[in-house]
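The data block below is protein_37.txt; it holds compact mmCIF, N, CA and C atoms.
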```
# COMPACT_ATOMS: atom_id res chain seq x y z
N MET A 1 0.84 -1.16 0.00
CA MET A 1 0.00 0.00 0.00
C MET A 1 0.90 1.23 0.00
N ILE A 2 0.56 2.17 -0.84
CA ILE A 2 1.29 3.43 -0.88
C ILE A 2 0.42 4.48 -0.21
N PRO A 3 0.85 5.02 0.91
CA PRO A 3 0.02 5.99 1.62
C PRO A 3 -0.06 7.32 0.87
N ILE A 4 -1.28 7.80 0.73
CA ILE A 4 -1.50 9.11 0.11
C ILE A 4 -2.24 9.94 1.14
N THR A 5 -1.52 10.87 1.73
CA THR A 5 -2.09 11.72 2.76
C THR A 5 -1.78 13.17 2.42
N PRO A 6 -2.58 14.10 2.93
CA PRO A 6 -2.30 15.51 2.68
C PRO A 6 -0.88 15.88 3.12
N GLY A 7 -0.17 16.57 2.27
CA GLY A 7 1.17 17.02 2.61
C GLY A 7 2.27 15.99 2.40
N SER A 8 1.92 14.80 1.89
CA SER A 8 2.96 13.77 1.73
C SER A 8 3.60 13.81 0.35
N GLY A 9 3.29 14.81 -0.42
CA GLY A 9 3.88 14.92 -1.75
C GLY A 9 2.80 15.00 -2.80
N GLY A 10 3.20 15.13 -4.02
CA GLY A 10 2.26 15.19 -5.12
C GLY A 10 2.41 14.00 -6.03
N PRO A 11 1.92 14.11 -7.24
CA PRO A 11 1.96 12.99 -8.18
C PRO A 11 3.37 12.43 -8.41
N ARG A 12 4.36 13.30 -8.48
CA ARG A 12 5.73 12.80 -8.71
C ARG A 12 6.22 11.95 -7.53
N ALA A 13 5.88 12.38 -6.32
CA ALA A 13 6.28 11.62 -5.13
C ALA A 13 5.60 10.25 -5.11
N TYR A 14 4.32 10.22 -5.47
CA TYR A 14 3.59 8.94 -5.49
C TYR A 14 4.12 8.04 -6.60
N ALA A 15 4.42 8.63 -7.74
CA ALA A 15 4.97 7.84 -8.86
C ALA A 15 6.33 7.28 -8.48
N SER A 16 7.10 8.04 -7.74
CA SER A 16 8.41 7.57 -7.30
C SER A 16 8.27 6.39 -6.33
N LEU A 17 7.32 6.48 -5.42
CA LEU A 17 7.07 5.38 -4.49
C LEU A 17 6.59 4.14 -5.25
N ALA A 18 5.71 4.34 -6.22
CA ALA A 18 5.21 3.22 -7.02
C ALA A 18 6.35 2.57 -7.81
N ALA A 19 7.22 3.40 -8.39
CA ALA A 19 8.36 2.87 -9.14
C ALA A 19 9.28 2.07 -8.22
N GLU A 20 9.44 2.53 -6.99
CA GLU A 20 10.27 1.81 -6.02
C GLU A 20 9.67 0.43 -5.70
N VAL A 21 8.35 0.39 -5.51
CA VAL A 21 7.66 -0.88 -5.23
C VAL A 21 7.83 -1.84 -6.39
N MET A 22 7.59 -1.37 -7.61
CA MET A 22 7.69 -2.23 -8.78
C MET A 22 9.14 -2.62 -9.08
N GLY A 23 10.07 -1.70 -8.81
CA GLY A 23 11.48 -2.00 -9.01
C GLY A 23 11.97 -3.09 -8.08
N ALA A 24 11.31 -3.23 -6.93
CA ALA A 24 11.68 -4.27 -5.97
C ALA A 24 10.96 -5.59 -6.27
N GLY A 25 10.24 -5.63 -7.40
CA GLY A 25 9.55 -6.86 -7.80
C GLY A 25 8.10 -6.93 -7.38
N GLY A 26 7.59 -5.89 -6.78
CA GLY A 26 6.20 -5.88 -6.35
C GLY A 26 5.25 -5.56 -7.50
N ALA A 27 4.02 -5.90 -7.31
CA ALA A 27 2.97 -5.58 -8.28
C ALA A 27 2.12 -4.47 -7.69
N LEU A 28 1.63 -3.63 -8.54
CA LEU A 28 0.80 -2.52 -8.10
C LEU A 28 -0.53 -2.61 -8.83
N VAL A 29 -1.61 -2.64 -8.08
CA VAL A 29 -2.95 -2.72 -8.66
C VAL A 29 -3.60 -1.35 -8.54
N ILE A 30 -4.07 -0.84 -9.67
CA ILE A 30 -4.75 0.46 -9.70
C ILE A 30 -6.08 0.26 -10.41
N PHE A 31 -7.15 0.71 -9.81
CA PHE A 31 -8.45 0.73 -10.48
C PHE A 31 -8.61 2.13 -11.05
N PRO A 32 -8.39 2.31 -12.35
CA PRO A 32 -8.34 3.66 -12.91
C PRO A 32 -9.69 4.28 -13.27
N GLU A 33 -10.79 3.60 -12.98
CA GLU A 33 -12.08 4.15 -13.33
C GLU A 33 -12.40 5.36 -12.47
N LYS A 34 -13.16 6.29 -13.06
CA LYS A 34 -13.62 7.43 -12.28
C LYS A 34 -15.02 7.80 -12.74
N GLY A 35 -15.69 8.56 -11.93
CA GLY A 35 -17.02 9.03 -12.28
C GLY A 35 -18.11 8.08 -11.86
N PRO A 36 -19.33 8.41 -12.28
CA PRO A 36 -20.49 7.60 -11.87
C PRO A 36 -20.49 6.23 -12.53
N PRO A 37 -21.27 5.31 -11.99
CA PRO A 37 -21.37 3.98 -12.61
C PRO A 37 -21.84 4.10 -14.07
N SER A 38 -21.44 3.13 -14.86
CA SER A 38 -21.82 3.13 -16.27
C SER A 38 -22.82 2.01 -16.53
N ALA A 39 -23.35 1.98 -17.74
CA ALA A 39 -24.23 0.89 -18.15
C ALA A 39 -23.43 -0.41 -18.10
N PRO A 40 -24.12 -1.56 -17.93
CA PRO A 40 -23.41 -2.84 -17.80
C PRO A 40 -22.45 -3.17 -18.93
N ASP A 41 -22.75 -2.75 -20.15
CA ASP A 41 -21.88 -3.10 -21.27
C ASP A 41 -20.99 -1.94 -21.72
N ALA A 42 -20.82 -0.96 -20.84
CA ALA A 42 -19.96 0.20 -21.15
C ALA A 42 -18.90 0.36 -20.06
N THR A 43 -17.74 0.78 -20.46
CA THR A 43 -16.65 1.01 -19.52
C THR A 43 -16.81 2.38 -18.88
N ARG A 44 -16.55 2.46 -17.60
CA ARG A 44 -16.53 3.78 -16.96
C ARG A 44 -15.37 4.58 -17.53
N LEU A 45 -15.41 5.86 -17.34
CA LEU A 45 -14.33 6.73 -17.79
C LEU A 45 -13.04 6.32 -17.10
N ILE A 46 -11.96 6.24 -17.86
CA ILE A 46 -10.66 5.84 -17.32
C ILE A 46 -9.82 7.10 -17.07
N SER A 47 -9.35 7.24 -15.85
CA SER A 47 -8.50 8.37 -15.47
C SER A 47 -7.06 8.09 -15.88
N PRO A 48 -6.32 9.09 -16.34
CA PRO A 48 -4.94 8.85 -16.79
C PRO A 48 -3.90 8.70 -15.68
N GLY A 49 -4.30 8.75 -14.43
CA GLY A 49 -3.32 8.66 -13.35
C GLY A 49 -2.45 7.42 -13.42
N PHE A 50 -3.06 6.28 -13.74
CA PHE A 50 -2.28 5.04 -13.84
C PHE A 50 -1.22 5.15 -14.92
N ALA A 51 -1.54 5.87 -16.00
CA ALA A 51 -0.63 5.99 -17.14
C ALA A 51 0.62 6.79 -16.75
N TYR A 52 0.45 7.85 -15.98
CA TYR A 52 1.61 8.63 -15.54
C TYR A 52 2.55 7.76 -14.70
N ILE A 53 1.96 6.99 -13.78
CA ILE A 53 2.78 6.12 -12.93
C ILE A 53 3.49 5.07 -13.76
N ALA A 54 2.76 4.43 -14.67
CA ALA A 54 3.35 3.37 -15.50
C ALA A 54 4.47 3.92 -16.39
N LEU A 55 4.25 5.08 -16.98
CA LEU A 55 5.28 5.67 -17.84
C LEU A 55 6.51 6.04 -17.02
N TYR A 56 6.28 6.67 -15.87
CA TYR A 56 7.39 7.10 -15.02
C TYR A 56 8.23 5.90 -14.57
N ALA A 57 7.55 4.79 -14.25
CA ALA A 57 8.25 3.61 -13.75
C ALA A 57 8.73 2.68 -14.86
N GLY A 58 8.24 2.89 -16.07
CA GLY A 58 8.56 1.96 -17.15
C GLY A 58 7.94 0.59 -16.90
N ALA A 59 6.76 0.60 -16.31
CA ALA A 59 6.10 -0.64 -15.91
C ALA A 59 5.25 -1.22 -17.04
N THR A 60 5.10 -2.50 -17.03
CA THR A 60 4.19 -3.17 -17.94
C THR A 60 2.78 -3.03 -17.38
N VAL A 61 1.83 -2.68 -18.22
CA VAL A 61 0.44 -2.51 -17.82
C VAL A 61 -0.34 -3.74 -18.29
N ILE A 62 -1.08 -4.34 -17.38
CA ILE A 62 -1.93 -5.48 -17.73
C ILE A 62 -3.37 -5.08 -17.44
N PRO A 63 -4.12 -4.69 -18.48
CA PRO A 63 -5.53 -4.35 -18.25
C PRO A 63 -6.30 -5.58 -17.76
N VAL A 64 -7.12 -5.37 -16.76
CA VAL A 64 -7.95 -6.45 -16.23
C VAL A 64 -9.40 -5.99 -16.30
N LEU A 65 -10.24 -6.86 -16.82
CA LEU A 65 -11.66 -6.55 -17.01
C LEU A 65 -12.50 -7.37 -16.05
N LEU A 66 -13.31 -6.69 -15.25
CA LEU A 66 -14.30 -7.34 -14.39
C LEU A 66 -15.65 -7.07 -15.03
N ALA A 67 -16.38 -8.10 -15.41
CA ALA A 67 -17.68 -7.93 -16.05
C ALA A 67 -18.74 -8.69 -15.26
N GLY A 68 -19.94 -8.15 -15.25
CA GLY A 68 -21.03 -8.80 -14.55
C GLY A 68 -21.20 -8.33 -13.12
N THR A 69 -20.47 -7.32 -12.73
CA THR A 69 -20.55 -6.84 -11.35
C THR A 69 -21.71 -5.86 -11.15
N HIS A 70 -22.42 -5.52 -12.23
CA HIS A 70 -23.52 -4.56 -12.13
C HIS A 70 -24.73 -5.13 -11.41
N ARG A 71 -24.83 -6.43 -11.33
CA ARG A 71 -25.98 -7.06 -10.67
C ARG A 71 -25.48 -8.23 -9.84
N ILE A 72 -25.17 -7.95 -8.60
CA ILE A 72 -24.67 -9.00 -7.71
C ILE A 72 -25.82 -9.44 -6.80
N VAL A 73 -26.20 -10.68 -6.89
CA VAL A 73 -27.17 -11.29 -5.99
C VAL A 73 -26.60 -12.64 -5.58
N ARG A 74 -27.16 -13.24 -4.58
CA ARG A 74 -26.65 -14.54 -4.14
C ARG A 74 -26.73 -15.53 -5.31
N GLY A 75 -25.62 -16.18 -5.57
CA GLY A 75 -25.56 -17.16 -6.64
C GLY A 75 -25.08 -16.60 -7.97
N SER A 76 -24.94 -15.29 -8.07
CA SER A 76 -24.48 -14.71 -9.34
C SER A 76 -22.96 -14.83 -9.44
N SER A 77 -22.46 -14.60 -10.63
CA SER A 77 -21.02 -14.66 -10.84
C SER A 77 -20.61 -13.53 -11.78
N PHE A 78 -19.34 -13.29 -11.82
CA PHE A 78 -18.81 -12.30 -12.75
C PHE A 78 -17.55 -12.87 -13.36
N THR A 79 -17.09 -12.23 -14.43
CA THR A 79 -15.90 -12.72 -15.12
C THR A 79 -14.72 -11.80 -14.83
N VAL A 80 -13.53 -12.38 -14.84
CA VAL A 80 -12.29 -11.62 -14.69
C VAL A 80 -11.38 -12.03 -15.83
N ASP A 81 -10.99 -11.07 -16.65
CA ASP A 81 -10.13 -11.35 -17.80
C ASP A 81 -8.90 -10.46 -17.75
N ALA A 82 -7.73 -11.05 -17.87
CA ALA A 82 -6.48 -10.29 -18.02
C ALA A 82 -6.24 -10.15 -19.52
N LEU A 83 -6.13 -8.93 -19.99
CA LEU A 83 -5.93 -8.66 -21.40
C LEU A 83 -4.44 -8.65 -21.72
N PRO A 84 -4.08 -8.64 -22.99
CA PRO A 84 -2.64 -8.62 -23.34
C PRO A 84 -1.90 -7.45 -22.70
N ALA A 85 -0.70 -7.73 -22.24
CA ALA A 85 0.13 -6.73 -21.57
C ALA A 85 0.54 -5.62 -22.53
N ILE A 86 0.67 -4.43 -21.99
CA ILE A 86 1.17 -3.28 -22.73
C ILE A 86 2.54 -2.95 -22.16
N ASP A 87 3.58 -3.24 -22.92
CA ASP A 87 4.96 -3.02 -22.47
C ASP A 87 5.35 -1.59 -22.81
N LEU A 88 5.78 -0.83 -21.83
CA LEU A 88 6.11 0.58 -22.03
C LEU A 88 7.60 0.83 -22.17
N GLY A 89 8.41 -0.20 -22.04
CA GLY A 89 9.85 0.00 -22.17
C GLY A 89 10.47 0.52 -20.89
N SER A 90 11.47 1.35 -21.04
CA SER A 90 12.22 1.84 -19.87
C SER A 90 11.51 3.02 -19.21
N PRO A 91 11.88 3.32 -17.97
CA PRO A 91 11.28 4.46 -17.27
C PRO A 91 11.43 5.76 -18.05
N ASP A 92 10.43 6.60 -17.93
CA ASP A 92 10.40 7.87 -18.67
C ASP A 92 10.31 9.02 -17.67
N ASP A 93 11.43 9.72 -17.47
CA ASP A 93 11.46 10.84 -16.53
C ASP A 93 10.62 12.02 -17.00
N SER A 94 10.21 12.02 -18.26
CA SER A 94 9.42 13.14 -18.78
C SER A 94 7.92 12.88 -18.66
N ALA A 95 7.53 11.88 -17.86
CA ALA A 95 6.11 11.52 -17.74
C ALA A 95 5.24 12.68 -17.30
N PHE A 96 5.78 13.61 -16.54
CA PHE A 96 4.99 14.73 -16.03
C PHE A 96 5.18 16.02 -16.81
N SER A 97 5.77 15.92 -17.98
CA SER A 97 5.97 17.09 -18.85
C SER A 97 4.82 17.13 -19.87
N PRO A 98 4.74 18.19 -20.66
CA PRO A 98 3.71 18.23 -21.71
C PRO A 98 3.77 17.04 -22.67
N SER A 99 4.98 16.61 -23.04
CA SER A 99 5.07 15.45 -23.93
C SER A 99 4.63 14.18 -23.20
N GLY A 100 4.91 14.11 -21.91
CA GLY A 100 4.46 12.98 -21.10
C GLY A 100 2.95 12.96 -20.98
N ARG A 101 2.35 14.14 -20.92
CA ARG A 101 0.88 14.23 -20.85
C ARG A 101 0.27 13.61 -22.09
N ALA A 102 0.87 13.87 -23.26
CA ALA A 102 0.37 13.30 -24.51
C ALA A 102 0.53 11.78 -24.50
N LYS A 103 1.66 11.29 -23.98
CA LYS A 103 1.88 9.84 -23.89
C LYS A 103 0.87 9.19 -22.94
N ALA A 104 0.61 9.85 -21.81
CA ALA A 104 -0.35 9.33 -20.84
C ALA A 104 -1.75 9.28 -21.44
N ALA A 105 -2.11 10.31 -22.19
CA ALA A 105 -3.43 10.33 -22.85
C ALA A 105 -3.54 9.20 -23.86
N ALA A 106 -2.46 8.96 -24.62
CA ALA A 106 -2.48 7.88 -25.62
C ALA A 106 -2.59 6.51 -24.94
N LEU A 107 -1.87 6.32 -23.83
CA LEU A 107 -1.93 5.05 -23.11
C LEU A 107 -3.33 4.85 -22.52
N THR A 108 -3.91 5.91 -21.99
CA THR A 108 -5.25 5.83 -21.42
C THR A 108 -6.27 5.44 -22.49
N GLU A 109 -6.15 6.05 -23.68
CA GLU A 109 -7.06 5.71 -24.79
C GLU A 109 -6.87 4.26 -25.22
N ARG A 110 -5.64 3.79 -25.26
CA ARG A 110 -5.35 2.40 -25.64
C ARG A 110 -5.95 1.43 -24.63
N TYR A 111 -5.81 1.75 -23.36
CA TYR A 111 -6.36 0.94 -22.28
C TYR A 111 -7.88 0.89 -22.39
N GLN A 112 -8.51 2.06 -22.56
CA GLN A 112 -9.97 2.14 -22.66
C GLN A 112 -10.47 1.35 -23.87
N ALA A 113 -9.78 1.46 -24.99
CA ALA A 113 -10.18 0.74 -26.20
C ALA A 113 -10.11 -0.77 -26.00
N ALA A 114 -9.08 -1.23 -25.28
CA ALA A 114 -8.94 -2.67 -25.02
C ALA A 114 -10.13 -3.18 -24.20
N LEU A 115 -10.55 -2.42 -23.21
CA LEU A 115 -11.69 -2.82 -22.39
C LEU A 115 -12.99 -2.71 -23.17
N ASP A 116 -13.16 -1.61 -23.88
CA ASP A 116 -14.41 -1.38 -24.64
C ASP A 116 -14.66 -2.49 -25.65
N GLY A 117 -13.61 -3.04 -26.22
CA GLY A 117 -13.77 -4.07 -27.23
C GLY A 117 -14.24 -5.41 -26.67
N LEU A 118 -14.00 -5.66 -25.41
CA LEU A 118 -14.33 -6.95 -24.82
C LEU A 118 -15.51 -6.91 -23.86
N LEU A 119 -15.77 -5.79 -23.24
CA LEU A 119 -16.77 -5.71 -22.17
C LEU A 119 -18.17 -6.16 -22.59
N PRO A 120 -18.72 -5.73 -23.71
CA PRO A 120 -20.10 -6.15 -24.02
C PRO A 120 -20.28 -7.67 -24.04
N SER A 121 -19.37 -8.39 -24.66
CA SER A 121 -19.53 -9.85 -24.74
C SER A 121 -19.33 -10.51 -23.37
N ARG A 122 -18.40 -10.00 -22.58
CA ARG A 122 -18.14 -10.59 -21.27
C ARG A 122 -19.28 -10.27 -20.30
N SER A 123 -19.86 -9.10 -20.42
CA SER A 123 -20.99 -8.73 -19.58
C SER A 123 -22.20 -9.61 -19.92
N ALA A 124 -22.43 -9.83 -21.21
CA ALA A 124 -23.52 -10.71 -21.63
C ALA A 124 -23.29 -12.13 -21.13
N HIS A 125 -22.05 -12.59 -21.18
CA HIS A 125 -21.71 -13.93 -20.69
C HIS A 125 -22.02 -14.05 -19.20
N ALA A 126 -21.64 -13.05 -18.43
CA ALA A 126 -21.90 -13.08 -16.98
C ALA A 126 -23.40 -13.04 -16.72
N ASP A 127 -24.13 -12.22 -17.47
CA ASP A 127 -25.58 -12.14 -17.29
C ASP A 127 -26.25 -13.47 -17.60
N ALA A 128 -25.77 -14.18 -18.60
CA ALA A 128 -26.36 -15.46 -18.98
C ALA A 128 -26.19 -16.50 -17.88
N ARG A 129 -25.20 -16.33 -17.03
CA ARG A 129 -24.94 -17.28 -15.94
C ARG A 129 -25.64 -16.90 -14.65
N ARG A 130 -26.37 -15.78 -14.64
CA ARG A 130 -27.07 -15.37 -13.43
C ARG A 130 -28.16 -16.38 -13.07
N PRO A 131 -28.44 -16.54 -11.80
CA PRO A 131 -29.50 -17.47 -11.42
C PRO A 131 -30.86 -17.00 -11.94
N GLY A 132 -31.79 -17.93 -12.11
CA GLY A 132 -33.12 -17.60 -12.62
C GLY A 132 -33.92 -16.74 -11.67
N ARG A 133 -33.63 -16.83 -10.40
CA ARG A 133 -34.35 -16.05 -9.39
C ARG A 133 -33.32 -15.24 -8.60
N ASP A 134 -33.62 -13.97 -8.41
CA ASP A 134 -32.72 -13.13 -7.62
C ASP A 134 -32.90 -13.44 -6.15
N ARG A 135 -31.87 -14.01 -5.55
CA ARG A 135 -31.88 -14.29 -4.12
C ARG A 135 -31.08 -13.20 -3.43
N TRP A 136 -31.53 -12.75 -2.33
CA TRP A 136 -30.93 -11.66 -1.57
C TRP A 136 -30.84 -10.40 -2.44
N PRO A 137 -31.95 -9.91 -2.97
CA PRO A 137 -31.91 -8.76 -3.88
C PRO A 137 -31.34 -7.48 -3.24
N TRP A 138 -31.40 -7.38 -1.93
CA TRP A 138 -30.83 -6.21 -1.26
C TRP A 138 -29.33 -6.09 -1.52
N LEU A 139 -28.69 -7.23 -1.83
CA LEU A 139 -27.25 -7.22 -2.10
C LEU A 139 -26.93 -6.43 -3.36
N ALA A 140 -27.86 -6.42 -4.32
CA ALA A 140 -27.63 -5.75 -5.59
C ALA A 140 -27.49 -4.23 -5.43
N SER A 141 -28.10 -3.67 -4.42
CA SER A 141 -28.03 -2.22 -4.26
C SER A 141 -27.29 -1.79 -3.00
N LEU A 142 -26.62 -2.70 -2.38
CA LEU A 142 -25.94 -2.42 -1.12
C LEU A 142 -24.92 -1.29 -1.24
N PHE A 143 -24.17 -1.25 -2.34
CA PHE A 143 -23.10 -0.26 -2.48
C PHE A 143 -23.42 0.84 -3.48
N HIS A 144 -24.66 0.96 -3.87
CA HIS A 144 -25.05 2.01 -4.85
C HIS A 144 -25.79 3.12 -4.16
```
Whole structure, structure tokens version:
Amino acid sequence: MIPITPGSGGPRAYASLAAEVMGAGGALVIFPEKGPPSAPDATRLISPGFAYIALYAGATVIPVLLAGTHRIVRGSSFTVDALPAIDLGSPDDSAFSPSGRAKAAALTERYQAALDGLLPSRSAHADARRPGRDRWPWLASLFH
């Protein structure tokens, strides 16, 4: 866990800590979605924060898709798919410069496109496996 507290630094400090974790062989999981929930077959808006960290650290990005989580009831299931890795090469110290901003935007668009291409079919697959009767329906709206 990388602590993010007021006064502990800004994006560069957090990216440096993340690079240190990954450089030591650790894995870093970031859920880059932001904004309100989306329709079941649509990806939420992806924030570029993960891209700045990945570029700065020269980390490989592995997009992971969770589908079917829009309707959780007892007995339901969802799918988890790891998509092809995006290798970024060596660390890029210019990740926080204007040229780095363009690279982060391009990586974010690439990530979003990878998810958008697979989500509708995986969401439909998860829905097809839902139980015929919703058991514990209160669970479906517990976190909304």
_Ranking A:Ala57, A:Leu119, A:Ala19, A:Ala13 by minimum distance to Leu88 (chain A) and counting all atoms listed in the file, which one comes first?_
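Answer, going by the shortest atom-to-atom distance: A:Ala57.
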Around region 81-99 of chain A, fit a box with edges along x, y and z, padding it by 5 Å on each side, then list its centre and edge lengths in Å to one decimal as lines of an AutoDock Vina configuration file.
```
center_x = 0.6
center_y = 3.4
center_z = -20.0
size_x = 33.2
size_y = 39.6
size_z = 17.9
```
Please, which residues are within 10 Å of (-3.7, 9.6, -12.6) by the file's coordinates, counting only C-alpha atoms, and could they come as a short mmCIF file (atom, residue, chain, number, x, y, z; two decimals) with N, CA and C atoms, in the frame of the given file?
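Generated file (result-v2.cif):
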```cif
data_model
loop_
_atom_site.label_atom_id
_atom_site.label_comp_id
_atom_site.auth_asym_id
_atom_site.auth_seq_id
_atom_site.Cartn_x
_atom_site.Cartn_y
_atom_site.Cartn_z
N PRO A 11 1.92 14.11 -7.24
CA PRO A 11 1.96 12.99 -8.18
C PRO A 11 3.37 12.43 -8.41
N ALA A 15 4.42 8.63 -7.74
CA ALA A 15 4.97 7.84 -8.86
C ALA A 15 6.33 7.28 -8.48
N ILE A 30 -4.07 -0.84 -9.67
CA ILE A 30 -4.75 0.46 -9.70
C ILE A 30 -6.08 0.26 -10.41
N PRO A 32 -8.39 2.31 -12.35
CA PRO A 32 -8.34 3.66 -12.91
C PRO A 32 -9.69 4.28 -13.27
N ILE A 46 -11.96 6.24 -17.86
CA ILE A 46 -10.66 5.84 -17.32
C ILE A 46 -9.82 7.10 -17.07
N SER A 47 -9.35 7.24 -15.85
CA SER A 47 -8.50 8.37 -15.47
C SER A 47 -7.06 8.09 -15.88
N PRO A 48 -6.32 9.09 -16.34
CA PRO A 48 -4.94 8.85 -16.79
C PRO A 48 -3.90 8.70 -15.68
N GLY A 49 -4.30 8.75 -14.43
CA GLY A 49 -3.32 8.66 -13.35
C GLY A 49 -2.45 7.42 -13.42
N PHE A 50 -3.06 6.28 -13.74
CA PHE A 50 -2.28 5.04 -13.84
C PHE A 50 -1.22 5.15 -14.92
N ALA A 51 -1.54 5.87 -16.00
CA ALA A 51 -0.63 5.99 -17.14
C ALA A 51 0.62 6.79 -16.75
N TYR A 52 0.45 7.85 -15.98
CA TYR A 52 1.61 8.63 -15.54
C TYR A 52 2.55 7.76 -14.70
N ILE A 53 1.96 6.99 -13.78
CA ILE A 53 2.78 6.12 -12.93
C ILE A 53 3.49 5.07 -13.76
N ALA A 54 2.76 4.43 -14.67
CA ALA A 54 3.35 3.37 -15.50
C ALA A 54 4.47 3.92 -16.39
N ALA A 104 0.61 9.85 -21.81
CA ALA A 104 -0.35 9.33 -20.84
C ALA A 104 -1.75 9.28 -21.44
N THR A 108 -3.91 5.91 -21.99
CA THR A 108 -5.25 5.83 -21.42
C THR A 108 -6.27 5.44 -22.49
#
```
_If I take atom N of Ser97 (chain A) and atom C of Pro84 (chain A), how far is one from the other in Å, to one decimal?_
25.0 Å
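Interatomic distance, CA of Leu65 (chain A) against CA of Asp87 (chain A): 17.8 Å.
Polymer residues near (-13.0, -9.2, -13.3): counting only C-alpha atoms with a cut-off of 12 Å, they are Phe31, Pro63, Val64, Leu65, Leu66, Ala67, Gly68, Thr69, His70, Ser77, Phe78, Thr79, Val80, Asp81, Ala82, Leu83, Leu115, Leu118, Leu119, Arg122, Ser123 and Ala126 of chain A.
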How about saving the chosen residues, N, CA and C atoms kept, as an mmCIF file, in the coordinates of the input?
```
data_model
loop_
_atom_site.group_PDB
_atom_site.id
_atom_site.type_symbol
_atom_site.label_atom_id
_atom_site.label_comp_id
_atom_site.auth_asym_id
_atom_site.auth_seq_id
_atom_site.Cartn_x
_atom_site.Cartn_y
_atom_site.Cartn_z
ATOM 1 N N PHE A 31 -7.150 0.710 -9.810
ATOM 2 C CA PHE A 31 -8.450 0.730 -10.480
ATOM 3 C C PHE A 31 -8.610 2.130 -11.050
ATOM 4 N N PRO A 63 -4.120 -4.690 -18.480
ATOM 5 C CA PRO A 63 -5.530 -4.350 -18.250
ATOM 6 C C PRO A 63 -6.300 -5.580 -17.760
ATOM 7 N N VAL A 64 -7.120 -5.370 -16.760
ATOM 8 C CA VAL A 64 -7.950 -6.450 -16.230
ATOM 9 C C VAL A 64 -9.400 -5.990 -16.300
ATOM 10 N N LEU A 65 -10.240 -6.860 -16.820
ATOM 11 C CA LEU A 65 -11.660 -6.550 -17.010
ATOM 12 C C LEU A 65 -12.500 -7.370 -16.050
ATOM 13 N N LEU A 66 -13.310 -6.690 -15.250
ATOM 14 C CA LEU A 66 -14.300 -7.340 -14.390
ATOM 15 C C LEU A 66 -15.650 -7.070 -15.030
ATOM 16 N N ALA A 67 -16.380 -8.100 -15.410
ATOM 17 C CA ALA A 67 -17.680 -7.930 -16.050
ATOM 18 C C ALA A 67 -18.740 -8.690 -15.260
ATOM 19 N N GLY A 68 -19.940 -8.150 -15.250
ATOM 20 C CA GLY A 68 -21.030 -8.800 -14.550
ATOM 21 C C GLY A 68 -21.200 -8.330 -13.120
ATOM 22 N N THR A 69 -20.470 -7.320 -12.730
ATOM 23 C CA THR A 69 -20.550 -6.840 -11.350
ATOM 24 C C THR A 69 -21.710 -5.860 -11.150
ATOM 25 N N HIS A 70 -22.420 -5.520 -12.230
ATOM 26 C CA HIS A 70 -23.520 -4.560 -12.130
ATOM 27 C C HIS A 70 -24.730 -5.130 -11.410
ATOM 28 N N SER A 77 -22.460 -14.600 -10.630
ATOM 29 C CA SER A 77 -21.020 -14.660 -10.840
ATOM 30 C C SER A 77 -20.610 -13.530 -11.780
ATOM 31 N N PHE A 78 -19.340 -13.290 -11.820
ATOM 32 C CA PHE A 78 -18.810 -12.300 -12.750
ATOM 33 C C PHE A 78 -17.550 -12.870 -13.360
ATOM 34 N N THR A 79 -17.090 -12.230 -14.430
ATOM 35 C CA THR A 79 -15.900 -12.720 -15.120
ATOM 36 C C THR A 79 -14.720 -11.800 -14.830
ATOM 37 N N VAL A 80 -13.530 -12.380 -14.840
ATOM 38 C CA VAL A 80 -12.290 -11.620 -14.690
ATOM 39 C C VAL A 80 -11.380 -12.030 -15.830
ATOM 40 N N ASP A 81 -10.990 -11.070 -16.650
ATOM 41 C CA ASP A 81 -10.130 -11.350 -17.800
ATOM 42 C C ASP A 81 -8.900 -10.460 -17.750
ATOM 43 N N ALA A 82 -7.730 -11.050 -17.870
ATOM 44 C CA ALA A 82 -6.480 -10.290 -18.020
ATOM 45 C C ALA A 82 -6.240 -10.150 -19.520
ATOM 46 N N LEU A 83 -6.130 -8.930 -19.990
ATOM 47 C CA LEU A 83 -5.930 -8.660 -21.400
ATOM 48 C C LEU A 83 -4.440 -8.650 -21.720
ATOM 49 N N LEU A 115 -10.550 -2.420 -23.210
ATOM 50 C CA LEU A 115 -11.690 -2.820 -22.390
ATOM 51 C C LEU A 115 -12.990 -2.710 -23.170
ATOM 52 N N LEU A 118 -14.000 -5.660 -25.410
ATOM 53 C CA LEU A 118 -14.330 -6.950 -24.820
ATOM 54 C C LEU A 118 -15.510 -6.910 -23.860
ATOM 55 N N LEU A 119 -15.770 -5.790 -23.240
ATOM 56 C CA LEU A 119 -16.770 -5.710 -22.170
ATOM 57 C C LEU A 119 -18.170 -6.160 -22.590
ATOM 58 N N ARG A 122 -18.400 -10.000 -22.580
ATOM 59 C CA ARG A 122 -18.140 -10.590 -21.270
ATOM 60 C C ARG A 122 -19.280 -10.270 -20.300
ATOM 61 N N SER A 123 -19.860 -9.100 -20.420
ATOM 62 C CA SER A 123 -20.990 -8.730 -19.580
ATOM 63 C C SER A 123 -22.200 -9.610 -19.920
ATOM 64 N N ALA A 126 -21.640 -13.050 -18.430
ATOM 65 C CA ALA A 126 -21.900 -13.080 -16.980
ATOM 66 C C ALA A 126 -23.400 -13.040 -16.720
#
```
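Atom pair CA of Asp116 (chain A) / atom C of Pro98 (chain A): separated by 26.0 Å.
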*Can you tell me, as a list in words, what residues are no more than 9 Å from Leu45 (chain A) when counting only C-alpha atoms, ignoring any on the same chain fewer than 5 positions away?*
Pro32, Glu33, Lys34, Gly35, Pro36, Ser38 and Gln112 of chain A
